[in-house]
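Asker: Please read through the structure below; I'll follow up with questions.
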Amino acid sequence: MVIQGRELSAEDIGLIQGLVAEHRDWGRTRLSEELCCRWDWRNARGRIKDMAARTLLLKLERGGHIWLPERRRPSSNGLRNRHAPLVAHATAPIRGALRELRPVAVSVVESGSEDLRLFNCLLGRYHYLGHRNTVGENMRYLVRDRAGRPVGCALFGSVVWKCAARDAWIGWDRGARKANVGLLTNNTRFLVFPWVEVPHLASHLLATLARRVCADWQRKYGHPIYAMETFVDRERPVHLLPGGQLGAAGLDAGAHPQRPGALPPGFGQGRRDQQVLKRSNAMGAKTTREIAEFVCKTGYKDLPSEVVNYSKILALSHLGVNIAGSAMDFGRKVTLYVKGKGGHPEVGVFGAGFRTCVDYAALANGNSAHATELEDDSFPEAMYSCGHWPTVFAMGEKLKLSGRDVIEALVIGYEVAAKLGLAFLTAVGKGRASYAALSAIGNAAAAAKMLRLNVKQTTSALSIAASQATGLRRQGGTGAHLVEAGFTGRNGICAAELAALGYTGSPTILEGKDGFGDMWSDCPEFDLPLGDGYRLMRVGIKKYSSCYGTQRNIDGVLDLIAEHNIAWDDVASIEHGINYTASHSLKYDQPETAEETRFSFAHCSVACFFDKKVFLPSFTTDKARNPRWREARKKVKVTVHPEWPDGYFDCFDSPVTITTKDGKSYTKLCHSARGDPDQRFGTDDVMKKYLDCMDFAGTFSHARVTQIAEMTLGLDKVEDVSALTTFLTFPDQV
């Protein structure tokens with residue numbers, strides 16, 4: 001007998017009957033909890049599945065196998081028999097082209113939030129199937145356009161246990177289905193609101209949601225999603241819904257947003273799982289040469305406009321960070337090193353007033369940009385943009401290329417590095433820094449593109465870079481962690497220039513036994529969906545000069561301070577919850593240097609109270625060693641939860657709790673930071689970050705700062721990028 005996905009034996013039913021008979025004073029809740037403990041029936045996050053156990057008990061009772069005690073109180077499920085209350089919302093027509101609404105902002109709808117009330121109202125009122133409540137694992141999304149207007153929503157939930165067509169298509173037998181059905185999700189509701197009449201919006205929203213649902217599911221429930229399915233009412237043609245939009249998700253099973261081509265062993269039987277991969281990944285690359293082919297054949301014309309536009313915003317953020325870092329201690333140290341080497345004066349060192357050879361300029365600029373810890377990153381692949389921009393700006397200046405050439409190379413190189421990062425996620429558990437190692441390979445791809453190398457030469461460039469690709473997470477909080485970003489540019493350019501001279505490397509270096517993937521992350525095989533959802537769009541923009549893992553928690557502390565008017569003198573303690581992986585980076589309770597403060601939850605928490613603005617001046621060696629700060633940091637506790645899933649900060653939500661001396665506690669569950677892809681910054685937000693960085697450095701006049709910003713935001717119109725890099729290299733501030 002199988003109930004709730006569990007196969008029950010006569011002994012199991014006997015156990016339940018014994019519990020009921022022996023503990024007649026127990027209610028149904030206590031029985032279900034005890035059953036979960038006896039069976040160790042838990043979800044991926046370690047929480048007991050008491051609701052599943054409750055349903056199992058009810059089904060056994062309906063089948064006459066057991067008799068449960070009487071219900072002691074009415075059901076607490078308030079949504080079971082009532083409709084969602086009406087929430088005021090605008091219904092003014094929204095018409096026009098899709099580009100006028102983008103970029104759309106996708107929000108995960110959290111329990112207890114105002115968005116949940118709006119979500120329930122809109123879905124229940126306008127979807128033809130209605131909506132009352134959700135059960136089991138689920139993910140709710142609300143989508144707004146760039147003006148903040150709600151335009152659509154979606155609900156993903158658990159799939160049906162048996163579906164003959166699906167099981168046959170994937171190639172599941174009973175055992176494979178039992179083992180893997182929890183790794184699928186069903187798009188149970190999808191709605192573009194009836195007053196929204198924008199061609200292609202529905203497909204754009206579906207693609208956007210498909211690219212992120214896996215990581216969101218991992219974060220919430222501790223396991224990924226490998227495929228998506230839906231059911232469409234054939235008697236209700238989707239094109240007849242108001243606004244000409246889809247009324248249900250038309251996704252094939254097999255849409256796989258996180259790691260296409262990396263399905264778990266036994267997920268599919270026979271050849272059907274291969275068909276799934278081909279449908280979701282028309283541009284797969286399984287070898288070093290196929291990656292090179294993607295690099296060579298992809299051009300600026302192939303890049304979606306949203307990718308181009310976002311790249312310019314990221315460029316502005318990066319250049320501000322680069323200049324700020326050039327004025328910092330660890331930025332100056334590498335700049336002095338590079339200046340001492342001399343070199344042919346072909347490329348500028350930003351903010352330093354001199355030129356050097358192209359690879360050393362990339363080394364200095366990459367190090368300076370990372371010195372601030374304000375670089376912008378994407379997760380779960382843990383890739384940083386500060387490891388890529390210095391390469392394309394340096395090569396662009398040397399070769400006198402256009403801004404479009406720079407954008408093209410940046411997007412392609414980042415795509416290669418980030419998709420390799422997704423394929424090689426297990427390297428994280430080994431303490432390896434993919435952001436450093438894989439950026440070298442991505443930079444080789446970018447430099448090869450700018451040198452217009454052919455497929456054979458580009459393959460050699462990737463191979464040579466692989467021999468230089470390394471990075472260690474333990475370096476966090478030291479200068480070595482910072483300069484790794486410079487090494488990636490130096491090594492990538494070196495690899496491409498050697499390949500241009502006819503230097504070679506193994507053409508199969510990334511794949512196969514003893515290849516880079518095998519040695520780096522025990523992954524001898526991969527299938528990269530290059531160009532299928534560019535990972536540059538998943539880059540989050542940092543606003544605090546500290547480790548990415550602190551960003552959402554700093555937001556959380558600042559929010560709690562503002563919401564409850566908490567003063568430092570009232571604080572008894574502050575507690576953060578993190579997983580085991582994060583503890584390797586956020587490891588300094590009492591930092592001694594400026595670099596260590598950026599990897600300290602204790603220091604970041606205190607800065608929220610002591611500084612009016614948490615920015616570069618908050619993270620200094622003086623404040624690390626200041627007795628007042630040192631004493632204050634003792635109030636902050638970081639609890640590591642080894643039972644939470646491993647992985648970077650997108651794999652778990654981090655709770656922060658402030659307890660005051662009068663015994664009150666205020667808690668916020670930190671899901672994402674402002675500036676993350678689901679709360680993406682626009683031009684105004686990034687302009688503020690850029691100006692703050694430029695003010696910190698004090699290197700350029702206001703007129704020069706403005707001129708640099710205008711050229712960067714119009715980078716696709718710049719004919720020769722050396723005009724921009726010249727402005728960045730030579731200070732004009734008297």
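Ordering of the structure tokens sets the chain letters (A, B, ...); residue numbers start at 1 within each chain; ligands are numbered from 1 in the order shown.
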Quick one: residues within 12 Å of Glu563 of chain A, only C-alpha atoms, excluding same-chain residues fewer than 4 positions away - as a list in words?
Answerer: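 That gives Asp555, Gly556, Val557, Leu558, Asp559, Ala567, Ile658, Tyr666, Thr667 and Lys668 of chain A.
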Asker: Emit the selected residues as a PDB file, in the first residue's frame, including N, CA and C atoms.
Answerer:
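Saved the output as selection-v5.pdb:
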```pdb
ATOM      1  N   ASP A 555      20.811  44.402   5.187  1.00  0.00           N
ATOM      2  CA  ASP A 555      19.459  44.915   4.905  1.00  0.00           C
ATOM      3  C   ASP A 555      18.515  44.578   6.048  1.00  0.00           C
ATOM      4  N   GLY A 556      18.583  43.319   6.513  1.00  0.00           N
ATOM      5  CA  GLY A 556      17.678  42.870   7.571  1.00  0.00           C
ATOM      6  C   GLY A 556      17.871  43.628   8.860  1.00  0.00           C
ATOM      7  N   VAL A 557      19.129  43.835   9.272  1.00  0.00           N
ATOM      8  CA  VAL A 557      19.399  44.573  10.510  1.00  0.00           C
ATOM      9  C   VAL A 557      18.923  46.021  10.380  1.00  0.00           C
ATOM     10  N   LEU A 558      19.242  46.647   9.255  1.00  0.00           N
ATOM     11  CA  LEU A 558      18.815  48.040   9.052  1.00  0.00           C
ATOM     12  C   LEU A 558      17.289  48.155   9.037  1.00  0.00           C
ATOM     13  N   ASP A 559      16.623  47.175   8.439  1.00  0.00           N
ATOM     14  CA  ASP A 559      15.157  47.189   8.410  1.00  0.00           C
ATOM     15  C   ASP A 559      14.584  47.071   9.825  1.00  0.00           C
ATOM     16  N   ALA A 567      17.737  51.365  19.329  1.00  0.00           N
ATOM     17  CA  ALA A 567      19.007  52.041  19.578  1.00  0.00           C
ATOM     18  C   ALA A 567      20.032  51.028  20.091  1.00  0.00           C
ATOM     19  N   ILE A 658      17.202  40.435  16.630  1.00  0.00           N
ATOM     20  CA  ILE A 658      17.716  41.420  17.578  1.00  0.00           C
ATOM     21  C   ILE A 658      16.889  41.307  18.856  1.00  0.00           C
ATOM     22  N   TYR A 666      13.060  40.722  17.919  1.00  0.00           N
ATOM     23  CA  TYR A 666      12.570  41.096  16.598  1.00  0.00           C
ATOM     24  C   TYR A 666      13.359  40.283  15.561  1.00  0.00           C
ATOM     25  N   THR A 667      12.637  39.555  14.718  1.00  0.00           N
ATOM     26  CA  THR A 667      13.275  38.639  13.773  1.00  0.00           C
ATOM     27  C   THR A 667      12.880  38.966  12.337  1.00  0.00           C
ATOM     28  N   LYS A 668      13.832  38.818  11.440  1.00  0.00           N
ATOM     29  CA  LYS A 668      13.571  38.977  10.008  1.00  0.00           C
ATOM     30  C   LYS A 668      14.260  37.835   9.276  1.00  0.00           C
TER      31      LYS A 668
END
```
Asker: Tell me, as JSON, numbers by chain, which residues lie within 8 Å of Asp115 of chain A, counting only C-alpha atoms; anything in the same chain fewer than 5 positions away does not count.
Answerer: {"A": [109, 110, 142]}
Asker: To one decimal place, how far is atom CA of Arg552 of chain A from atom CA of Leu530 of chain A in Å?
Answerer: 29.4 Å
Asker: Neighbours of Asp216 of chain A within 12 Å (only C-alpha atoms; same-chain residues fewer than 4 positions away dropped), as a ChimeraX atom specification?
Answerer: /A:106-110,137-141,156,209-212,220-225,257-258,379-380,649-653,671-672,677-678
Asker: Give me, as a PyMOL selection string, all polymer residues having an atom no more than 9 Å from Lys513 of chain A, counting only C-alpha atoms and skipping those fewer than 3 positions away in the same chain.
Answerer: chain A and resi 516-519+523-525
Asker: Of the candidates A:Asn579, A:Thr29, A:Asn43, A:Ser521, which one gets nearest to Ala437 of chain A if we count only C-alpha atoms?
Answerer: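 That would be A:Ser521, the residue with the smallest distance to Ala437 of chain A.
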Asker: Can you tell me, as an MDAnalysis selection string, what residues are no more than 7 Å from segment 634-645 of chain A when counting only C-alpha atoms, ignoring any on the same chain fewer than 2 positions away?
Answerer: chainID A and resid 45:46 222 572:580 583 602 630:632 647 651
Asker: Can you write just those residues out, all heavy atoms, as a short mmCIF file (atom, residue, chain, number, x, y, z; two decimals), in the first residue's frame?
Answerer:
```cif
data_model
loop_
_atom_site.label_atom_id
_atom_site.label_comp_id
_atom_site.auth_asym_id
_atom_site.auth_seq_id
_atom_site.Cartn_x
_atom_site.Cartn_y
_atom_site.Cartn_z
N ARG A 45 15.21 20.05 4.43
CA ARG A 45 15.75 20.98 5.42
C ARG A 45 15.74 20.40 6.82
O ARG A 45 16.07 21.06 7.79
CB ARG A 45 14.98 22.30 5.40
CG ARG A 45 15.31 23.17 4.21
CD ARG A 45 14.83 24.59 4.46
NE ARG A 45 15.18 25.48 3.37
CZ ARG A 45 16.35 26.10 3.26
NH1 ARG A 45 17.28 25.90 4.17
NH2 ARG A 45 16.59 26.91 2.25
N GLY A 46 15.31 19.14 6.96
CA GLY A 46 15.33 18.48 8.25
C GLY A 46 14.08 18.67 9.08
O GLY A 46 14.01 18.19 10.22
N GLY A 222 15.52 23.15 0.25
CA GLY A 222 16.74 22.39 0.43
C GLY A 222 17.01 21.36 -0.64
O GLY A 222 17.89 20.52 -0.48
N ALA A 572 20.51 43.81 23.52
CA ALA A 572 21.14 42.79 24.36
C ALA A 572 21.95 41.82 23.51
O ALA A 572 23.05 41.41 23.91
CB ALA A 572 20.08 42.02 25.15
N SER A 573 21.42 41.46 22.33
CA SER A 573 22.15 40.53 21.46
C SER A 573 21.60 40.62 20.05
O SER A 573 20.47 41.05 19.82
CB SER A 573 22.02 39.09 21.97
OG SER A 573 20.68 38.65 21.89
N ILE A 574 22.42 40.17 19.10
CA ILE A 574 22.04 40.03 17.70
C ILE A 574 22.49 38.64 17.27
O ILE A 574 23.63 38.24 17.52
CB ILE A 574 22.69 41.09 16.80
CG1 ILE A 574 22.36 42.50 17.29
CG2 ILE A 574 22.26 40.91 15.34
CD1 ILE A 574 23.10 43.59 16.53
N GLU A 575 21.60 37.89 16.60
CA GLU A 575 21.95 36.54 16.18
C GLU A 575 21.63 36.35 14.70
O GLU A 575 20.57 36.73 14.23
CB GLU A 575 21.22 35.48 17.01
CG GLU A 575 21.60 34.06 16.63
CD GLU A 575 21.01 33.00 17.54
OE1 GLU A 575 20.33 33.38 18.51
OE2 GLU A 575 21.21 31.80 17.28
N HIS A 576 22.59 35.74 13.99
CA HIS A 576 22.42 35.39 12.59
C HIS A 576 22.49 33.88 12.45
O HIS A 576 23.28 33.22 13.13
CB HIS A 576 23.51 36.02 11.72
CG HIS A 576 23.57 37.50 11.76
ND1 HIS A 576 22.86 38.29 10.88
CD2 HIS A 576 24.25 38.36 12.56
CE1 HIS A 576 23.11 39.57 11.14
NE2 HIS A 576 23.95 39.64 12.16
N GLY A 577 21.69 33.31 11.55
CA GLY A 577 21.75 31.88 11.25
C GLY A 577 22.28 31.66 9.84
O GLY A 577 21.80 32.28 8.88
N ILE A 578 23.27 30.79 9.70
CA ILE A 578 23.87 30.52 8.40
C ILE A 578 24.10 29.01 8.25
O ILE A 578 23.99 28.26 9.22
CB ILE A 578 25.21 31.26 8.20
CG1 ILE A 578 26.23 30.84 9.26
CG2 ILE A 578 24.99 32.76 8.23
CD1 ILE A 578 27.61 31.45 9.07
N ASN A 579 24.42 28.58 7.03
CA ASN A 579 24.74 27.17 6.81
C ASN A 579 26.25 26.95 6.92
O ASN A 579 27.03 27.88 7.13
CB ASN A 579 24.19 26.68 5.47
CG ASN A 579 24.94 27.24 4.28
OD1 ASN A 579 25.77 28.14 4.41
ND2 ASN A 579 24.65 26.74 3.09
N TYR A 580 26.65 25.69 6.75
CA TYR A 580 28.05 25.33 6.95
C TYR A 580 28.94 25.99 5.89
O TYR A 580 30.05 26.45 6.19
CB TYR A 580 28.20 23.81 6.89
CG TYR A 580 29.61 23.31 7.12
CD1 TYR A 580 30.18 23.35 8.38
CD2 TYR A 580 30.35 22.79 6.06
CE1 TYR A 580 31.47 22.89 8.59
CE2 TYR A 580 31.64 22.32 6.26
CZ TYR A 580 32.20 22.38 7.52
OH TYR A 580 33.47 21.92 7.73
N SER A 583 29.79 29.56 6.62
CA SER A 583 30.68 29.74 7.76
C SER A 583 32.15 29.76 7.35
O SER A 583 32.99 30.30 8.07
CB SER A 583 30.45 28.64 8.79
OG SER A 583 30.88 27.37 8.31
N ALA A 602 29.64 40.02 12.73
CA ALA A 602 29.66 40.84 13.94
C ALA A 602 29.97 42.29 13.58
O ALA A 602 29.29 43.22 14.04
CB ALA A 602 30.69 40.30 14.93
N ARG A 630 35.21 46.57 19.27
CA ARG A 630 35.54 45.21 19.71
C ARG A 630 34.56 44.74 20.79
O ARG A 630 34.08 43.60 20.76
CB ARG A 630 36.97 45.18 20.24
CG ARG A 630 37.43 43.79 20.66
CD ARG A 630 38.87 43.82 21.13
NE ARG A 630 39.78 44.15 20.04
CZ ARG A 630 40.27 43.25 19.20
NH1 ARG A 630 39.93 41.98 19.31
NH2 ARG A 630 41.09 43.61 18.24
N GLU A 631 34.26 45.61 21.73
CA GLU A 631 33.32 45.26 22.80
C GLU A 631 31.92 45.06 22.24
O GLU A 631 31.19 44.14 22.64
CB GLU A 631 33.31 46.34 23.87
CG GLU A 631 32.51 46.00 25.12
CD GLU A 631 33.08 44.82 25.88
OE1 GLU A 631 34.30 44.56 25.79
OE2 GLU A 631 32.27 44.14 26.58
N ALA A 632 31.53 45.92 21.31
CA ALA A 632 30.19 45.83 20.72
C ALA A 632 30.01 44.53 19.95
O ALA A 632 28.93 43.92 19.98
CB ALA A 632 29.94 47.02 19.80
N GLY A 647 26.10 24.96 0.15
CA GLY A 647 26.04 25.83 -1.02
C GLY A 647 26.08 27.28 -0.59
O GLY A 647 26.03 27.60 0.61
N CYS A 651 21.15 29.17 -1.24
CA CYS A 651 20.64 27.84 -0.86
C CYS A 651 19.84 27.86 0.44
O CYS A 651 19.26 26.84 0.81
CB CYS A 651 21.80 26.87 -0.71
SG CYS A 651 22.64 26.53 -2.27
#
```
Asker: Quick one: contact table of segment 395-499 of chain A to segment 534-542 of chain A, 10 Å max, nearest atom pair and distance in Å to one decimal per residue, counting only C-alpha atoms, chain and number order, as JSON lines?
Answerer:
```
{"residue": "A:Leu410", "atom": "CA", "partner": "A:Leu536", "partner_atom": "CA", "distance": 9.0}
{"residue": "A:Val411", "atom": "CA", "partner": "A:Leu536", "partner_atom": "CA", "distance": 6.6}
{"residue": "A:Ile412", "atom": "CA", "partner": "A:Tyr534", "partner_atom": "CA", "distance": 8.6}
{"residue": "A:Gly413", "atom": "CA", "partner": "A:Leu536", "partner_atom": "CA", "distance": 9.9}
{"residue": "A:Tyr414", "atom": "CA", "partner": "A:Leu536", "partner_atom": "CA", "distance": 6.7}
{"residue": "A:Glu415", "atom": "CA", "partner": "A:Arg535", "partner_atom": "CA", "distance": 5.8}
{"residue": "A:Val416", "atom": "CA", "partner": "A:Arg535", "partner_atom": "CA", "distance": 9.1}
{"residue": "A:Ala417", "atom": "CA", "partner": "A:Arg535", "partner_atom": "CA", "distance": 9.4}
{"residue": "A:Ala418", "atom": "CA", "partner": "A:Arg535", "partner_atom": "CA", "distance": 6.4}
{"residue": "A:Lys419", "atom": "CA", "partner": "A:Arg535", "partner_atom": "CA", "distance": 7.4}
{"residue": "A:Leu422", "atom": "CA", "partner": "A:Arg535", "partner_atom": "CA", "distance": 9.9}
```
Asker: What does the file look like for those residues with C-alpha atoms, as an mmCIF file, in the first residue's frame?
Answerer:
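Output file part_7.cif follows:
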```
data_model
loop_
_atom_site.group_PDB
_atom_site.id
_atom_site.type_symbol
_atom_site.label_atom_id
_atom_site.label_comp_id
_atom_site.auth_asym_id
_atom_site.auth_seq_id
_atom_site.Cartn_x
_atom_site.Cartn_y
_atom_site.Cartn_z
ATOM 1 C CA LEU A 410 32.089 40.622 -21.626
ATOM 2 C CA VAL A 411 28.776 38.819 -22.077
ATOM 3 C CA ILE A 412 30.322 35.867 -23.896
ATOM 4 C CA GLY A 413 33.241 35.460 -21.499
ATOM 5 C CA TYR A 414 31.009 35.746 -18.444
ATOM 6 C CA GLU A 415 28.594 33.243 -19.962
ATOM 7 C CA VAL A 416 31.339 30.655 -20.386
ATOM 8 C CA ALA A 417 32.681 31.128 -16.859
ATOM 9 C CA ALA A 418 29.278 31.197 -15.158
ATOM 10 C CA LYS A 419 27.852 28.186 -16.987
ATOM 11 C CA LEU A 422 26.909 25.911 -12.584
#
```
Asker: Between atom CA of Pro194 of chain A and atom CA of Gly112 of chain A, measure the distance and give it in Å to one decimal.
Answerer: 25.9 Å
Asker: To one decimal place, how far is atom CA of Leu123 of chain A from atom CA of Leu101 of chain A in Å?
Answerer: 20.9 Å
Asker: Can you pull out every residue within 8 Å of segment 359-370 of chain A, counting only C-alpha atoms, but drop anything in the same chain fewer than 5 positions away, and send it as a ChimeraX atom specification?
Answerer: /A:318-319,321-326,328,330-332,334-335,338,347-350,375,386-391,394,482-491,493-494
Asker: As a ChimeraX atom specification, please: every residue in segment 35-226 of chain A that DSSP puts in alpha helix (DSSP H).
Answerer: /A:35-39,50-62,114-126,164-170,174-180,201-221
Asker: Which residues, written as a PyMOL selection string, have at least one atom at most 8 Å from Val151 of chain A, with only C-alpha atoms counted and residues fewer than 6 positions away on the same chain left out?
Answerer: chain A and resi 143-145+192-193+196
Asker: Would you mind exporting the chosen residues as a PDB file, in the first residue's frame, restricted to N, CA, C and O atoms?
Answerer:
```pdb
ATOM      1  N   VAL A 143       4.840  39.338 -10.418  1.00  0.00           N
ATOM      2  CA  VAL A 143       5.715  40.018 -11.377  1.00  0.00           C
ATOM      3  C   VAL A 143       5.217  41.441 -11.591  1.00  0.00           C
ATOM      4  O   VAL A 143       4.019  41.665 -11.816  1.00  0.00           O
ATOM      5  N   ARG A 144       6.153  42.383 -11.529  1.00  0.00           N
ATOM      6  CA  ARG A 144       5.840  43.790 -11.781  1.00  0.00           C
ATOM      7  C   ARG A 144       6.700  44.297 -12.930  1.00  0.00           C
ATOM      8  O   ARG A 144       7.811  43.809 -13.153  1.00  0.00           O
ATOM      9  N   ASP A 145       6.187  45.291 -13.642  1.00  0.00           N
ATOM     10  CA  ASP A 145       6.992  45.886 -14.710  1.00  0.00           C
ATOM     11  C   ASP A 145       7.947  46.901 -14.106  1.00  0.00           C
ATOM     12  O   ASP A 145       8.007  47.086 -12.884  1.00  0.00           O
ATOM     13  N   VAL A 192      -1.418  36.265 -16.703  1.00  0.00           N
ATOM     14  CA  VAL A 192      -1.150  37.660 -17.050  1.00  0.00           C
ATOM     15  C   VAL A 192      -2.476  38.380 -16.894  1.00  0.00           C
ATOM     16  O   VAL A 192      -3.501  37.942 -17.425  1.00  0.00           O
ATOM     17  N   PHE A 193      -2.505  39.441 -16.133  1.00  0.00           N
ATOM     18  CA  PHE A 193      -3.760  40.073 -15.747  1.00  0.00           C
ATOM     19  C   PHE A 193      -4.520  40.604 -16.962  1.00  0.00           C
ATOM     20  O   PHE A 193      -3.892  41.048 -17.946  1.00  0.00           O
ATOM     21  N   VAL A 196      -3.704  43.741 -19.022  1.00  0.00           N
ATOM     22  CA  VAL A 196      -2.361  43.852 -19.600  1.00  0.00           C
ATOM     23  C   VAL A 196      -2.390  43.255 -21.007  1.00  0.00           C
ATOM     24  O   VAL A 196      -2.623  42.062 -21.170  1.00  0.00           O
TER      25      VAL A 196
END
```
Asker: Which residue, A:Ser158, A:Arg54, A:Pro85, A:Ala292, has the smallest gap to Met228 of chain A when you use only C-alpha atoms?
Answerer: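 The closest residue to Met228 of chain A is A:Ser158.
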Asker: Identify, with DSSP run on backbone atoms, the residues in segment 461-597 of chain A assigned to strand (DSSP E), and express the list as a compact mmCIF listing (two decimals) with all heavy atoms, in the first residue's frame.
Answerer:
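The resulting out.txt:
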```txt
# COMPACT_ATOMS: atom_id res chain seq x y z
N LEU A 528 26.72 22.44 -21.26
CA LEU A 528 26.49 23.85 -20.95
C LEU A 528 25.46 24.46 -21.89
O LEU A 528 25.66 24.44 -23.11
CB LEU A 528 27.79 24.65 -21.04
CG LEU A 528 29.03 24.11 -20.32
CD1 LEU A 528 30.17 25.11 -20.46
CD2 LEU A 528 28.73 23.82 -18.86
N PRO A 529 24.39 25.03 -21.38
CA PRO A 529 23.39 25.70 -22.24
C PRO A 529 23.84 27.12 -22.57
O PRO A 529 23.21 28.10 -22.19
CB PRO A 529 22.13 25.68 -21.37
CG PRO A 529 22.66 25.80 -19.98
CD PRO A 529 23.98 25.05 -19.96
N VAL A 539 23.40 38.54 -12.33
CA VAL A 539 24.37 39.24 -11.49
C VAL A 539 23.63 40.19 -10.55
O VAL A 539 22.79 40.99 -10.99
CB VAL A 539 25.39 40.02 -12.35
CG1 VAL A 539 26.28 40.87 -11.46
CG2 VAL A 539 26.23 39.05 -13.17
N GLY A 540 23.93 40.08 -9.26
CA GLY A 540 23.38 41.00 -8.29
C GLY A 540 24.36 42.12 -7.99
O GLY A 540 25.58 41.92 -8.00
N VAL A 571 20.20 47.23 22.83
CA VAL A 571 20.44 45.89 22.29
C VAL A 571 21.11 44.99 23.32
O VAL A 571 22.15 45.35 23.90
CB VAL A 571 21.31 45.97 21.01
CG1 VAL A 571 21.68 44.58 20.53
CG2 VAL A 571 20.56 46.73 19.92
N ALA A 572 20.51 43.81 23.52
CA ALA A 572 21.14 42.79 24.36
C ALA A 572 21.95 41.82 23.51
O ALA A 572 23.05 41.41 23.91
CB ALA A 572 20.08 42.02 25.15
N SER A 573 21.42 41.46 22.33
CA SER A 573 22.15 40.53 21.46
C SER A 573 21.60 40.62 20.05
O SER A 573 20.47 41.05 19.82
CB SER A 573 22.02 39.09 21.97
OG SER A 573 20.68 38.65 21.89
N ILE A 574 22.42 40.17 19.10
CA ILE A 574 22.04 40.03 17.70
C ILE A 574 22.49 38.64 17.27
O ILE A 574 23.63 38.24 17.52
CB ILE A 574 22.69 41.09 16.80
CG1 ILE A 574 22.36 42.50 17.29
CG2 ILE A 574 22.26 40.91 15.34
CD1 ILE A 574 23.10 43.59 16.53
N GLU A 575 21.60 37.89 16.60
CA GLU A 575 21.95 36.54 16.18
C GLU A 575 21.63 36.35 14.70
O GLU A 575 20.57 36.73 14.23
CB GLU A 575 21.22 35.48 17.01
CG GLU A 575 21.60 34.06 16.63
CD GLU A 575 21.01 33.00 17.54
OE1 GLU A 575 20.33 33.38 18.51
OE2 GLU A 575 21.21 31.80 17.28
N HIS A 576 22.59 35.74 13.99
CA HIS A 576 22.42 35.39 12.59
C HIS A 576 22.49 33.88 12.45
O HIS A 576 23.28 33.22 13.13
CB HIS A 576 23.51 36.02 11.72
CG HIS A 576 23.57 37.50 11.76
ND1 HIS A 576 22.86 38.29 10.88
CD2 HIS A 576 24.25 38.36 12.56
CE1 HIS A 576 23.11 39.57 11.14
NE2 HIS A 576 23.95 39.64 12.16
N GLY A 577 21.69 33.31 11.55
CA GLY A 577 21.75 31.88 11.25
C GLY A 577 22.28 31.66 9.84
O GLY A 577 21.80 32.28 8.88
N ILE A 578 23.27 30.79 9.70
CA ILE A 578 23.87 30.52 8.40
C ILE A 578 24.10 29.01 8.25
O ILE A 578 23.99 28.26 9.22
CB ILE A 578 25.21 31.26 8.20
CG1 ILE A 578 26.23 30.84 9.26
CG2 ILE A 578 24.99 32.76 8.23
CD1 ILE A 578 27.61 31.45 9.07
N ASN A 579 24.42 28.58 7.03
CA ASN A 579 24.74 27.17 6.81
C ASN A 579 26.25 26.95 6.92
O ASN A 579 27.03 27.88 7.13
CB ASN A 579 24.19 26.68 5.47
CG ASN A 579 24.94 27.24 4.28
OD1 ASN A 579 25.77 28.14 4.41
ND2 ASN A 579 24.65 26.74 3.09
```
